[in-house]
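Enquirer: The following file, upload_36.txt, comprises compact mmCIF, C-alpha atoms:
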# COMPACT_ATOMS: atom_id res chain seq x y z
CA MET D 1 -33.07 -4.81 22.76
CA SER D 2 -36.18 -7.03 22.47
CA ASP D 3 -37.94 -8.19 19.31
CA ARG D 4 -40.48 -5.44 19.83
CA GLU D 5 -37.78 -2.80 19.84
CA LEU D 6 -36.25 -4.22 16.64
CA SER D 7 -39.25 -3.67 14.41
CA LEU D 8 -39.71 -4.91 10.87
CA LYS D 9 -39.48 -1.28 9.79
CA THR D 10 -36.06 -0.94 11.44
CA ILE D 11 -34.82 -4.10 9.72
CA PHE D 12 -36.23 -2.88 6.40
CA LEU D 13 -34.51 0.50 6.64
CA PHE D 14 -31.22 -1.17 7.55
CA TRP D 15 -31.55 -3.71 4.72
CA LEU D 16 -32.77 -1.35 1.99
CA PRO D 17 -29.41 0.31 1.17
CA LEU D 18 -27.71 -3.08 1.01
CA ALA D 19 -30.48 -4.48 -1.19
CA SER D 20 -30.16 -1.50 -3.51
CA THR D 21 -26.40 -2.13 -3.61
CA TRP D 22 -26.87 -5.75 -4.67
CA LEU D 23 -29.58 -4.82 -7.17
CA MET D 24 -27.32 -2.22 -8.72
CA MET D 25 -24.55 -4.82 -8.96
CA ALA D 26 -27.08 -7.20 -10.51
CA ALA D 27 -27.72 -4.64 -13.23
CA GLU D 28 -24.01 -4.67 -14.06
CA GLY D 29 -24.07 -8.10 -15.72
CA PRO D 30 -27.06 -7.51 -18.03
CA PHE D 31 -25.69 -4.09 -18.99
CA LEU D 32 -22.28 -5.44 -20.01
CA ALA D 33 -23.83 -8.45 -21.74
CA ALA D 34 -26.03 -6.07 -23.73
CA VAL D 35 -22.98 -3.99 -24.71
CA ILE D 36 -21.02 -7.07 -25.79
CA ALA D 37 -24.00 -8.47 -27.69
CA ARG D 38 -24.09 -5.32 -29.82
CA LEU D 39 -20.38 -5.39 -30.75
CA ALA D 40 -18.58 -7.54 -33.32
CA GLU D 41 -18.75 -11.35 -33.04
CA PRO D 42 -21.21 -11.33 -30.12
CA LYS D 43 -21.49 -15.10 -29.70
CA PHE D 44 -17.73 -15.65 -29.31
CA ASN D 45 -17.23 -12.55 -27.16
CA LEU D 46 -20.13 -13.39 -24.82
CA ALA D 47 -18.66 -16.86 -24.40
CA ALA D 48 -15.15 -15.43 -23.77
CA TYR D 49 -16.46 -12.85 -21.31
CA GLY D 50 -18.36 -15.54 -19.44
CA VAL D 51 -15.25 -17.71 -19.13
CA ALA D 52 -12.99 -14.79 -18.12
CA PHE D 53 -15.51 -13.67 -15.53
CA SER D 54 -15.76 -17.23 -14.18
CA LEU D 55 -11.97 -17.40 -13.78
CA GLY D 56 -11.88 -14.00 -12.08
CA ILE D 57 -14.67 -15.02 -9.70
CA PHE D 58 -12.92 -18.28 -8.85
CA ILE D 59 -9.60 -16.56 -8.07
CA GLU D 60 -11.29 -13.94 -5.88
CA ALA D 61 -13.33 -16.61 -4.05
CA PRO D 62 -11.18 -16.83 -0.88
CA ILE D 63 -11.67 -13.13 -0.14
CA ILE D 64 -15.42 -12.86 -0.80
CA MET D 65 -16.50 -13.69 2.76
CA ILE D 66 -14.23 -11.03 4.26
CA MET D 67 -17.28 -8.73 4.35
CA SER D 68 -19.05 -11.14 6.70
CA ALA D 69 -15.86 -11.48 8.75
CA SER D 70 -15.37 -7.73 9.17
CA THR D 71 -19.07 -7.29 9.98
CA ALA D 72 -18.76 -9.90 12.72
CA LEU D 73 -15.25 -9.24 14.08
CA VAL D 74 -14.31 -5.54 13.78
CA LYS D 75 -15.40 -4.38 17.22
CA ASP D 76 -12.56 -1.96 18.03
CA TRP D 77 -9.33 -0.46 16.66
CA SER D 78 -7.19 -3.47 17.55
CA SER D 79 -9.47 -5.97 15.79
CA TYR D 80 -9.66 -3.63 12.79
CA LEU D 81 -5.87 -3.56 12.43
CA ARG D 82 -5.52 -7.34 12.74
CA LEU D 83 -8.26 -8.12 10.23
CA ARG D 84 -6.98 -5.41 7.84
CA ASN D 85 -3.52 -6.98 7.82
CA PHE D 86 -5.04 -10.41 7.29
CA THR D 87 -7.09 -9.06 4.37
CA ASN D 88 -4.10 -7.35 2.75
CA PHE D 89 -2.10 -10.57 2.88
CA LEU D 90 -4.91 -12.51 1.16
CA ASN D 91 -5.28 -9.78 -1.46
CA ALA D 92 -1.57 -10.00 -2.31
CA VAL D 93 -1.72 -13.79 -2.68
CA LEU D 94 -4.77 -13.64 -4.96
CA THR D 95 -3.23 -10.93 -7.14
CA PHE D 96 -0.18 -13.16 -7.60
CA LEU D 97 -2.46 -16.06 -8.62
CA ILE D 98 -4.28 -14.13 -11.33
CA LEU D 99 -0.95 -12.87 -12.68
CA LEU D 100 0.17 -16.49 -12.83
CA VAL D 101 -2.94 -17.51 -14.78
CA CYS D 102 -2.28 -14.74 -17.31
CA LEU D 103 1.08 -16.26 -18.29
CA PRO D 104 0.59 -17.80 -21.78
CA PRO D 105 1.77 -21.36 -20.93
CA VAL D 106 -0.44 -21.48 -17.81
CA PHE D 107 -3.42 -19.97 -19.58
CA GLN D 108 -3.16 -22.49 -22.43
CA VAL D 109 -3.34 -25.33 -19.92
CA VAL D 110 -6.37 -23.80 -18.20
CA ALA D 111 -8.29 -22.72 -21.30
CA VAL D 112 -7.50 -25.53 -23.72
CA ARG D 113 -6.68 -28.63 -21.69
CA LEU D 114 -8.91 -28.08 -18.65
CA ILE D 115 -11.88 -26.10 -19.99
CA GLY D 116 -11.60 -27.19 -23.61
CA LEU D 117 -12.46 -23.82 -25.11
CA PRO D 118 -12.93 -23.60 -28.87
CA ALA D 119 -10.03 -21.91 -30.68
CA GLU D 120 -12.17 -18.86 -31.54
CA VAL D 121 -12.75 -18.17 -27.83
CA VAL D 122 -9.27 -18.78 -26.36
CA ARG D 123 -7.57 -15.58 -27.55
CA LEU D 124 -10.54 -13.40 -26.61
CA THR D 125 -10.67 -14.95 -23.14
CA GLN D 126 -6.96 -14.50 -22.43
CA GLN D 127 -7.07 -10.81 -23.31
CA ALA D 128 -10.14 -10.32 -21.11
CA VAL D 129 -8.48 -12.03 -18.13
CA ILE D 130 -5.52 -9.63 -18.39
CA PHE D 131 -7.92 -6.73 -17.86
CA LEU D 132 -9.21 -8.47 -14.74
CA ILE D 133 -5.80 -8.53 -13.00
CA PRO D 134 -6.79 -5.80 -10.46
CA TRP D 135 -10.11 -7.54 -9.75
CA PRO D 136 -9.37 -9.96 -6.83
CA GLY D 137 -7.30 -7.57 -4.71
CA VAL D 138 -9.62 -4.62 -5.22
CA ILE D 139 -12.67 -6.75 -4.41
CA GLY D 140 -11.12 -7.88 -1.14
CA TYR D 141 -10.12 -4.33 -0.21
CA ARG D 142 -13.56 -2.84 -0.75
CA ARG D 143 -15.50 -5.76 0.82
CA PHE D 144 -13.42 -5.46 3.99
CA TYR D 145 -14.29 -1.78 4.37
CA GLN D 146 -17.91 -2.35 3.40
CA GLY D 147 -18.16 -4.89 6.22
CA VAL D 148 -16.85 -2.27 8.66
CA LEU D 149 -19.49 0.19 7.44
CA ILE D 150 -22.22 -2.43 7.89
CA ARG D 151 -20.95 -3.32 11.38
CA TYR D 152 -21.45 0.29 12.44
CA ARG D 153 -24.82 0.60 10.64
CA LEU D 154 -23.60 2.92 7.88
CA THR D 155 -25.27 0.93 5.12
CA ARG D 156 -26.22 3.98 3.06
CA ARG D 157 -22.54 4.64 2.41
CA VAL D 158 -22.22 1.14 0.94
CA ALA D 159 -24.99 2.02 -1.51
CA TYR D 160 -23.29 5.31 -2.42
CA GLY D 161 -20.13 3.39 -3.27
CA THR D 162 -22.06 1.10 -5.59
CA VAL D 163 -23.52 4.09 -7.43
CA ILE D 164 -19.94 5.26 -8.03
CA ARG D 165 -19.00 1.77 -9.22
CA LEU D 166 -21.84 1.52 -11.73
CA THR D 167 -21.32 5.04 -13.02
CA THR D 168 -17.62 4.36 -13.59
CA MET D 169 -18.32 0.97 -15.17
CA ALA D 170 -20.96 2.33 -17.56
CA THR D 171 -18.83 5.32 -18.55
CA THR D 172 -15.82 3.09 -19.19
CA ALA D 173 -17.89 0.66 -21.27
CA PHE D 174 -19.30 3.48 -23.39
CA LEU D 175 -15.96 5.18 -24.01
CA VAL D 176 -13.95 1.99 -24.64
CA SER D 177 -16.54 0.43 -26.95
CA ARG D 178 -16.94 3.65 -28.90
CA PHE D 179 -13.37 4.89 -29.20
CA THR D 180 -11.17 1.77 -29.18
CA GLY D 181 -11.04 -1.39 -31.22
CA LEU D 182 -11.07 -3.74 -28.22
CA PRO D 183 -13.26 -6.84 -28.62
CA GLY D 184 -16.43 -7.08 -26.57
CA ALA D 185 -15.04 -9.50 -23.96
CA SER D 186 -12.19 -7.08 -23.15
CA VAL D 187 -14.59 -4.13 -23.02
CA GLY D 188 -16.59 -5.99 -20.39
CA ALA D 189 -13.56 -7.01 -18.31
CA LEU D 190 -11.95 -3.56 -18.39
CA SER D 191 -15.22 -1.90 -17.41
CA LEU D 192 -15.63 -4.28 -14.46
CA SER D 193 -12.13 -3.56 -13.17
CA ALA D 194 -12.58 0.20 -13.50
CA GLY D 195 -15.89 0.08 -11.64
CA VAL D 196 -14.72 -1.94 -8.63
CA THR D 197 -11.53 0.13 -8.32
CA ALA D 198 -13.58 3.32 -8.08
CA GLU D 199 -15.90 1.69 -5.53
CA ALA D 200 -12.98 0.49 -3.40
CA ALA D 201 -11.50 3.99 -3.27
CA ALA D 202 -14.88 5.45 -2.35
CA SER D 203 -15.42 2.87 0.41
CA ARG D 204 -12.07 3.74 1.99
CA LEU D 205 -12.88 7.44 1.93
CA MET D 206 -16.32 6.91 3.44
CA VAL D 207 -14.97 4.82 6.33
CA HIS D 208 -12.25 7.37 7.20
CA SER D 209 -14.13 9.29 9.89
CA LEU D 210 -15.29 6.06 11.54
CA LEU D 211 -11.72 4.73 11.66
CA ARG D 212 -10.50 7.95 13.28
CA ARG D 213 -13.12 7.49 16.00
CA LEU D 214 -12.18 3.83 16.51
CA LYS D 215 -8.50 4.77 16.75
CA ALA D 216 -9.18 7.47 19.34
CA GLU D 217 -11.28 5.08 21.40
CA GLY D 218 -8.64 2.36 21.08
CA GLU D 219 -5.88 4.67 22.33
CA SER D 220 -7.92 5.70 25.37
CA ILE D 221 -9.39 2.25 26.15
CA PRO D 222 -7.15 -0.57 24.85
CA ALA D 223 -8.88 -3.83 23.90
CA ALA D 224 -9.02 -6.34 26.78
CA ALA D 225 -8.32 -9.35 24.55
CA PRO D 226 -6.79 -8.43 21.17
CA LEU D 227 -7.99 -10.48 18.21
CA SER D 228 -5.25 -12.96 17.32
CA TYR D 229 -4.26 -13.98 13.79
CA ARG D 230 -4.71 -17.59 14.85
CA TYR D 231 -8.31 -16.93 15.84
CA ILE D 232 -8.98 -14.98 12.61
CA THR D 233 -7.57 -17.85 10.55
CA ARG D 234 -9.62 -20.44 12.42
CA PHE D 235 -12.76 -18.33 12.07
CA TYR D 236 -12.23 -17.38 8.43
CA TYR D 237 -10.80 -20.57 6.96
CA PRO D 238 -14.18 -22.36 6.67
CA LEU D 239 -15.70 -19.22 5.14
CA ALA D 240 -12.90 -18.92 2.58
CA LEU D 241 -13.17 -22.60 1.71
CA THR D 242 -16.93 -22.16 1.35
CA SER D 243 -16.41 -19.36 -1.15
CA VAL D 244 -13.82 -21.34 -3.09
CA LEU D 245 -16.18 -24.28 -3.36
CA ALA D 246 -19.25 -22.15 -4.15
CA LEU D 247 -17.61 -19.87 -6.68
CA GLY D 248 -15.60 -22.74 -8.09
CA VAL D 249 -18.90 -24.02 -9.40
CA GLN D 250 -18.92 -21.35 -12.11
CA PRO D 251 -15.68 -22.39 -13.86
CA LEU D 252 -16.63 -26.00 -13.20
CA VAL D 253 -19.94 -25.53 -15.01
CA THR D 254 -18.05 -23.68 -17.75
CA PHE D 255 -15.81 -26.75 -18.16
CA PHE D 256 -18.82 -29.04 -18.57
CA LEU D 257 -20.52 -26.61 -20.96
CA GLY D 258 -17.41 -26.57 -23.13
CA HIS D 259 -17.68 -30.35 -23.49
CA SER D 260 -21.47 -30.57 -23.81
CA ARG D 261 -23.97 -30.60 -26.65
CA MET D 262 -24.31 -27.11 -28.22
CA PRO D 263 -21.25 -25.73 -26.35
CA ILE D 264 -20.95 -22.31 -28.01
CA GLU D 265 -24.65 -21.55 -27.55
CA SER D 266 -24.55 -22.71 -23.92
CA LEU D 267 -21.41 -20.67 -23.16
CA ALA D 268 -22.94 -17.62 -24.86
CA VAL D 269 -26.24 -17.60 -22.96
CA GLY D 270 -24.68 -18.69 -19.65
CA PRO D 271 -23.60 -15.21 -18.46
CA VAL D 272 -26.87 -13.68 -19.67
CA ILE D 273 -28.99 -16.19 -17.73
CA ASN D 274 -26.73 -15.85 -14.69
CA SER D 275 -27.14 -12.08 -14.79
CA PHE D 276 -30.92 -12.36 -15.02
CA VAL D 277 -31.22 -14.81 -12.12
CA PHE D 278 -28.70 -12.79 -10.10
CA ILE D 279 -31.12 -9.85 -10.06
CA PHE D 280 -33.47 -11.96 -7.93
CA ARG D 281 -30.71 -13.78 -6.03
CA SER D 282 -29.29 -10.43 -4.98
CA ILE D 283 -32.22 -9.94 -2.61
CA GLY D 284 -31.13 -13.01 -0.66
CA LEU D 285 -27.43 -12.23 -0.88
CA SER D 286 -28.02 -8.77 0.56
CA PHE D 287 -29.61 -10.31 3.65
CA GLN D 288 -26.61 -12.19 5.05
CA GLU D 289 -24.72 -9.23 6.52
CA VAL D 290 -28.02 -7.70 7.70
CA ALA D 291 -28.77 -10.79 9.77
CA ILE D 292 -25.21 -10.97 11.14
CA ALA D 293 -25.35 -7.32 12.21
CA LEU D 294 -28.86 -7.42 13.73
CA LEU D 295 -29.33 -10.88 15.26
CA GLY D 296 -27.71 -9.78 18.50
CA GLU D 297 -24.98 -11.32 20.67
CA LYS D 298 -27.42 -13.93 22.04
CA ASN D 299 -29.71 -14.18 18.98
CA GLU D 300 -32.27 -12.08 20.82
CA HIS D 301 -33.70 -10.72 17.56
CA LEU D 302 -34.04 -14.08 15.82
CA GLY D 303 -37.84 -13.96 15.73
CA GLN D 304 -38.08 -10.65 13.90
CA ILE D 305 -35.19 -11.45 11.54
CA ARG D 306 -36.84 -14.76 10.60
CA LYS D 307 -40.22 -13.08 10.07
CA PHE D 308 -38.66 -10.46 7.80
CA ALA D 309 -36.87 -13.20 5.84
CA LEU D 310 -40.14 -15.09 5.26
CA ILE D 311 -41.85 -11.98 3.90
CA LEU D 312 -38.87 -11.18 1.71
CA GLY D 313 -38.61 -14.74 0.41
CA GLY D 314 -42.27 -14.82 -0.58
CA GLY D 315 -41.94 -11.52 -2.40
CA VAL D 316 -38.85 -12.47 -4.39
CA GLN D 317 -40.37 -15.81 -5.41
CA LEU D 318 -43.53 -14.12 -6.69
CA ALA D 319 -41.50 -11.56 -8.62
CA PHE D 320 -39.41 -14.26 -10.32
CA LEU D 321 -42.52 -16.23 -11.32
CA LEU D 322 -44.17 -13.16 -12.80
CA VAL D 323 -41.15 -12.34 -14.95
CA ALA D 324 -39.66 -15.73 -15.92
CA PHE D 325 -42.98 -17.34 -16.87
CA SER D 326 -44.37 -14.41 -18.84
CA PRO D 327 -43.62 -12.95 -22.30
CA PHE D 328 -41.36 -10.42 -20.58
CA ALA D 329 -38.67 -13.12 -20.22
CA TYR D 330 -38.29 -13.25 -24.00
CA VAL D 331 -38.31 -9.44 -24.15
CA TRP D 332 -35.51 -9.39 -21.58
CA PHE D 333 -33.27 -11.83 -23.40
CA HIS D 334 -33.88 -10.53 -26.93
CA ASP D 335 -34.73 -6.82 -26.74
CA ILE D 336 -32.87 -5.82 -23.58
CA SER D 337 -29.94 -8.25 -23.43
CA GLY D 338 -29.48 -8.21 -27.20
CA LEU D 339 -29.46 -11.97 -27.81
CA SER D 340 -30.52 -13.23 -31.21
CA ILE D 341 -34.02 -14.69 -31.55
CA GLU D 342 -32.61 -18.22 -31.45
CA LEU D 343 -30.46 -17.62 -28.36
CA ALA D 344 -33.30 -15.81 -26.56
CA ARG D 345 -35.59 -18.80 -27.05
CA PHE D 346 -32.73 -21.09 -26.08
CA SER D 347 -32.47 -19.24 -22.72
CA LEU D 348 -36.07 -19.67 -21.57
CA LEU D 349 -36.07 -23.32 -20.41
CA PRO D 350 -32.89 -23.19 -18.27
CA THR D 351 -34.08 -19.93 -16.71
CA ARG D 352 -37.39 -21.49 -15.69
CA ILE D 353 -35.66 -24.56 -14.27
CA LEU D 354 -33.91 -22.18 -11.83
CA VAL D 355 -37.28 -21.03 -10.44
CA LEU D 356 -36.51 -21.78 -6.75
CA ILE D 357 -32.98 -20.37 -6.70
CA PRO D 358 -33.96 -16.84 -5.47
CA PRO D 359 -35.86 -17.90 -2.30
CA LEU D 360 -33.38 -20.70 -1.60
CA THR D 361 -30.55 -18.13 -1.76
CA LEU D 362 -32.34 -16.07 0.89
CA LEU D 363 -32.79 -19.15 3.09
CA LEU D 364 -29.12 -20.06 2.67
CA SER D 365 -28.05 -16.51 3.62
CA PHE D 366 -30.20 -16.67 6.75
CA GLN D 367 -28.75 -20.04 7.78
CA ARG D 368 -25.16 -18.89 7.17
CA ALA D 369 -25.71 -15.64 9.06
CA TYR D 370 -27.08 -17.48 12.08
CA LEU D 371 -24.11 -19.85 12.18
CA VAL D 372 -21.54 -17.06 11.65
CA ASN D 373 -23.17 -15.02 14.41
CA ASN D 374 -22.75 -18.02 16.71
CA GLN D 375 -19.18 -18.61 15.45
CA ARG D 376 -20.00 -22.03 13.99
CA THR D 377 -18.59 -21.73 10.48
CA LYS D 378 -17.57 -25.34 9.71
CA PRO D 379 -21.10 -26.58 8.81
CA ILE D 380 -21.25 -23.86 6.15
CA THR D 381 -18.28 -25.44 4.40
CA THR D 382 -19.74 -28.92 4.64
CA ALA D 383 -23.02 -27.74 3.11
CA THR D 384 -21.18 -26.12 0.23
CA LEU D 385 -19.11 -29.25 -0.32
CA LEU D 386 -22.32 -31.27 -0.55
CA GLU D 387 -23.79 -28.73 -2.97
CA VAL D 388 -20.76 -28.80 -5.26
CA GLY D 389 -20.62 -32.59 -5.15
CA ALA D 390 -24.28 -32.81 -6.14
CA ILE D 391 -23.75 -30.35 -8.99
CA VAL D 392 -20.85 -32.38 -10.39
CA LEU D 393 -22.81 -35.62 -10.12
CA VAL D 394 -25.89 -34.19 -11.84
CA LEU D 395 -23.74 -32.63 -14.58
CA LEU D 396 -22.12 -36.00 -15.25
CA VAL D 397 -25.48 -37.77 -15.37
CA THR D 398 -27.32 -35.19 -17.50
CA LEU D 399 -24.56 -34.16 -19.90
CA ARG D 400 -22.56 -37.36 -20.22
CA GLY D 401 -25.27 -39.92 -19.47
CA PHE D 402 -28.36 -38.37 -21.11
CA ASP D 403 -26.56 -35.97 -23.49
CA LEU D 404 -28.76 -33.02 -22.54
CA VAL D 405 -28.06 -29.58 -23.96
CA GLY D 406 -25.31 -28.10 -21.79
CA ILE D 407 -27.11 -25.14 -20.26
CA VAL D 408 -30.21 -27.23 -19.44
CA GLY D 409 -28.16 -29.83 -17.59
CA ALA D 410 -26.32 -27.05 -15.76
CA ALA D 411 -29.59 -25.46 -14.59
CA LEU D 412 -30.84 -28.80 -13.23
CA ALA D 413 -27.54 -29.36 -11.42
CA LEU D 414 -27.57 -25.92 -9.78
CA MET D 415 -31.14 -26.38 -8.55
CA ILE D 416 -30.57 -29.83 -7.07
CA GLY D 417 -27.31 -28.75 -5.42
CA ARG D 418 -28.89 -25.74 -3.72
CA VAL D 419 -31.82 -27.79 -2.38
CA LEU D 420 -29.35 -30.24 -0.84
CA ALA D 421 -27.31 -27.44 0.80
CA VAL D 422 -30.21 -25.74 2.58
CA THR D 423 -31.62 -29.10 3.65
CA TYR D 424 -28.31 -30.05 5.27
CA LEU D 425 -27.83 -26.68 7.04
CA ALA D 426 -31.23 -26.97 8.72
CA VAL D 427 -29.68 -29.57 11.07
CA PRO D 428 -26.73 -27.54 12.53
CA VAL D 429 -28.95 -24.46 12.78
CA ARG D 430 -31.41 -26.47 14.87
CA VAL D 431 -28.60 -27.87 17.02
CA VAL D 432 -27.11 -24.41 17.73
CA ARG D 433 -30.55 -23.09 18.68
CA SER D 434 -31.04 -25.93 21.14
CA LEU D 435 -27.64 -25.23 22.75
CA ARG D 436 -28.37 -21.52 23.15
Take the structure from the file and write it as structure tokens.
Expert:
Amino acid sequence: MSDRELSLKTIFLFWLPLASTWLMMAAEGPFLAAVIARLAEPKFNLAAYGVAFSLGIFIEAPIIMIMSASTALVKDWSSYLRLRNFTNFLNAVLTFLILLVCLPPVFQVVAVRLIGLPAEVVRLTQQAVIFLIPWPGVIGYRRFYQGVLIRYRLTRRVAYGTVIRLTTMATTAFLVSRFTGLPGASVGALSLSAGVTAEAAASRLMVHSLLRRLKAEGESIPAAAPLSYRYITRFYYPLALTSVLALGVQPLVTFFLGHSRMPIESLAVGPVINSFVFIFRSIGLSFQEVAIALLGEKNEHLGQIRKFALILGGGVQLAFLLVAFSPFAYVWFHDISGLSIELARFSLLPTRILVLIPPLTLLLSFQRAYLVNNQRTKPITTATLLEVGAIVLVLLVTLRGFDLVGIVGAALALMIGRVLAVTYLAVPVRVVRSLR
């Protein structure tokens, strides 16, 4: 298929369900933050929820990229079985890890000695993490099957699953907050777990007919070269390490915030700001699997994919500017998210520092997709390592050296790190293009 045959309209229609999926997931954070902000002790519970969520994200990190792997590798019944077994093994390991973190002696080391949480937040955080025990395994399960759906261009079904997730999450949050005495942080964590569990079940049901077809084809025409576990490990290891490094940034930033100036305020607004920026970042995040699925075996659709990305990047940047630098930003943080007047004002500067994060996320997704499609995953890990290193260095300089307010220093660190990552990846992308 030529670039002319793969029109911008075709790319848009393929991308739209995935974008709606990510946007719906982006609404999840602000919704839960707004619920928590309206319950008892909002400042402490928002801080505890942010820390618990950071820990959950970090533990699930190795399985996040399994969606990209299944999109790229599940080409027949044999490769499906091998990658499914690989995914199940990872899910079991990660479930064991979060159970380990929930043990009181281990949690005390993590929360008190490593992160340095205030006493008021420790108990709330531990209870919230317990409700996140299903989270890593369920996330891996549903992302694997979503990747299979994307591989076979069934992106609408991915969006349907997210609708089920959000409906379950919102219903759980309403019922638990209204009819139980659970603190806000636990309400948020329990609602998250309920939502992703429902989505995982829905994803498995929606892929059932496709798997039956793949099995029938596999039995009649066996794969010429079955996908080996060694190859899967070699292909996936850099992607898993990338996720660990990238998502490890969140608990790392949480650690620095806990030891910074104005720690409680910074920890409280952190998840709210992250949720706001994630709405715009989600546009870029939704593009990675689109590019992997549509670039073509020999990158024959690179021109149209790149053109679509440029249009999308310009649009998301304009949207962020219009919202973050207008009075609506204050309305969002105070009236919609439920932050106090002081915390809403406190959130404006770090949000505006993150102005380039949405388009840079889109660029990073495009670069990663191109390298994954060409089975060059190691540079992705190197770029992430550079990004994390830059974030740590900037956090040390701004928070320890200049004693900036925690969340302001964190925003500067995240911006500088992301700029460094996309700058580095431009080189291997150019090299791969020259070799092709």
Enquirer: Here is a test: counting all atoms listed in the file, which residue of D:Leu132, D:Ile353, D:Val121, D:Val405 is nearest to Met262 of chain D?
Expert: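 Going through D:Leu132, D:Ile353, D:Val121, D:Val405 one by one, the smallest distance to Met262 of chain D is for D:Val405.
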Enquirer: Under the rule that only C-alpha atoms are counted, which of D:Met25, D:Cys102, D:Val244, D:Leu321 is the nearest residue to Leu356 of chain D?
Expert: D:Leu321
Enquirer: Using only C-alpha atoms, list the residues that have an atom at most 10 Å from (-4.9, -12.9, -23.4), coordinates as in the file, as a list in words.
Expert: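 Protein and nucleic acid residues near the point are Ala52, Val101, Cys102, Leu103, Pro104, Phe107, Gln108, Val122, Arg123, Leu124, Thr125, Gln126, Gln127, Ala128, Val129, Ile130, Phe131 and Ser186 of chain D.
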Enquirer: Using only C-alpha atoms, can you tell me which of D:Ala200, D:Leu94, D:Leu182, D:Leu13 comes closest to Tyr145 of chain D?
Expert: D:Ala200
Enquirer: In terms of the shortest atom-to-atom distance over all atoms listed in the file, which of D:Ala27, D:Leu16, D:Met169, D:Leu211 is closest to Tyr80 of chain D?
Expert: D:Leu211
Enquirer: Determine, counting all atoms listed in the file, which protein, DNA and RNA residues have an atom within 12 Å of an atom of Thr167 of chain D; residues of the same chain fewer than 4 positions away are not included. Present the result as a PyMOL selection string.
Expert: chain D and resi 24-25+27-28+31+160-163+171-174+191-192+194-199
Enquirer: Kindly save the residues from that selection, with C-alpha atoms included, as a CSV table (one decimal), keeping the file's coordinate frame.
Expert:
chain,number,residue,atom,x,y,z
D,24,MET,CA,-27.3,-2.2,-8.7
D,25,MET,CA,-24.6,-4.8,-9.0
D,27,ALA,CA,-27.7,-4.6,-13.2
D,28,GLU,CA,-24.0,-4.7,-14.1
D,31,PHE,CA,-25.7,-4.1,-19.0
D,160,TYR,CA,-23.3,5.3,-2.4
D,161,GLY,CA,-20.1,3.4,-3.3
D,162,THR,CA,-22.1,1.1,-5.6
D,163,VAL,CA,-23.5,4.1,-7.4
D,171,THR,CA,-18.8,5.3,-18.6
D,172,THR,CA,-15.8,3.1,-19.2
D,173,ALA,CA,-17.9,0.7,-21.3
D,174,PHE,CA,-19.3,3.5,-23.4
D,191,SER,CA,-15.2,-1.9,-17.4
D,192,LEU,CA,-15.6,-4.3,-14.5
D,194,ALA,CA,-12.6,0.2,-13.5
D,195,GLY,CA,-15.9,0.1,-11.6
D,196,VAL,CA,-14.7,-1.9,-8.6
D,197,THR,CA,-11.5,0.1,-8.3
D,198,ALA,CA,-13.6,3.3,-8.1
D,199,GLU,CA,-15.9,1.7,-5.5
Enquirer: I'd like the neighbourhood of Leu117 of chain D as number ranges by chain, where a residue qualifies if any of its atoms comes within 10 Å (using all atoms listed in the file), though same-chain residues fewer than 5 positions away should be ignored.
Expert: D: 47-48, 51, 108, 110-112, 122-123, 125, 254-255, 257-259, 263-264, 267
Enquirer: Store the residues picked out above, limited to C-alpha atoms, as a PDB file, keeping the file's coordinate frame.
Expert:
ATOM      1  CA  ALA D  47     -18.660 -16.860 -24.400  1.00  0.00           C
ATOM      2  CA  ALA D  48     -15.150 -15.430 -23.770  1.00  0.00           C
ATOM      3  CA  VAL D  51     -15.250 -17.710 -19.130  1.00  0.00           C
ATOM      4  CA  GLN D 108      -3.160 -22.490 -22.430  1.00  0.00           C
ATOM      5  CA  VAL D 110      -6.370 -23.800 -18.200  1.00  0.00           C
ATOM      6  CA  ALA D 111      -8.290 -22.720 -21.300  1.00  0.00           C
ATOM      7  CA  VAL D 112      -7.500 -25.530 -23.720  1.00  0.00           C
ATOM      8  CA  VAL D 122      -9.270 -18.780 -26.360  1.00  0.00           C
ATOM      9  CA  ARG D 123      -7.570 -15.580 -27.550  1.00  0.00           C
ATOM     10  CA  THR D 125     -10.670 -14.950 -23.140  1.00  0.00           C
ATOM     11  CA  THR D 254     -18.050 -23.680 -17.750  1.00  0.00           C
ATOM     12  CA  PHE D 255     -15.810 -26.750 -18.160  1.00  0.00           C
ATOM     13  CA  LEU D 257     -20.520 -26.610 -20.960  1.00  0.00           C
ATOM     14  CA  GLY D 258     -17.410 -26.570 -23.130  1.00  0.00           C
ATOM     15  CA  HIS D 259     -17.680 -30.350 -23.490  1.00  0.00           C
ATOM     16  CA  PRO D 263     -21.250 -25.730 -26.350  1.00  0.00           C
ATOM     17  CA  ILE D 264     -20.950 -22.310 -28.010  1.00  0.00           C
ATOM     18  CA  LEU D 267     -21.410 -20.670 -23.160  1.00  0.00           C
TER      19      LEU D 267
END
Enquirer: Taking every listed atom of segment 425-433 of chain D and adding 6 Å to each side, what centre and edge lengths in Å (one decimal) does the axis-aligned box have, as lines of an AutoDock Vina configuration file?
Expert:
center_x = -29.1
center_y = -26.3
center_z = 12.9
size_x = 16.7
size_y = 18.5
size_z = 23.6
Enquirer: Which residues are close to Gly338 of chain D, i.e. within 8 Å by all atoms listed in the file, leaving aside same-chain residues fewer than 6 positions away? Reply as JSON, numbers by chain.
Expert: {"D": [33, 34, 37, 38]}
Enquirer: Keeping only C-alpha atoms, write the selected residues to a file as a PDB file, in the frame of the given file.
Expert:
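Produced file selection31.pdb, reproduced below:
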ATOM      1  CA  ALA D  33     -23.830  -8.450 -21.740  1.00  0.00           C
ATOM      2  CA  ALA D  34     -26.030  -6.070 -23.730  1.00  0.00           C
ATOM      3  CA  ALA D  37     -24.000  -8.470 -27.690  1.00  0.00           C
ATOM      4  CA  ARG D  38     -24.090  -5.320 -29.820  1.00  0.00           C
TER       5      ARG D  38
END
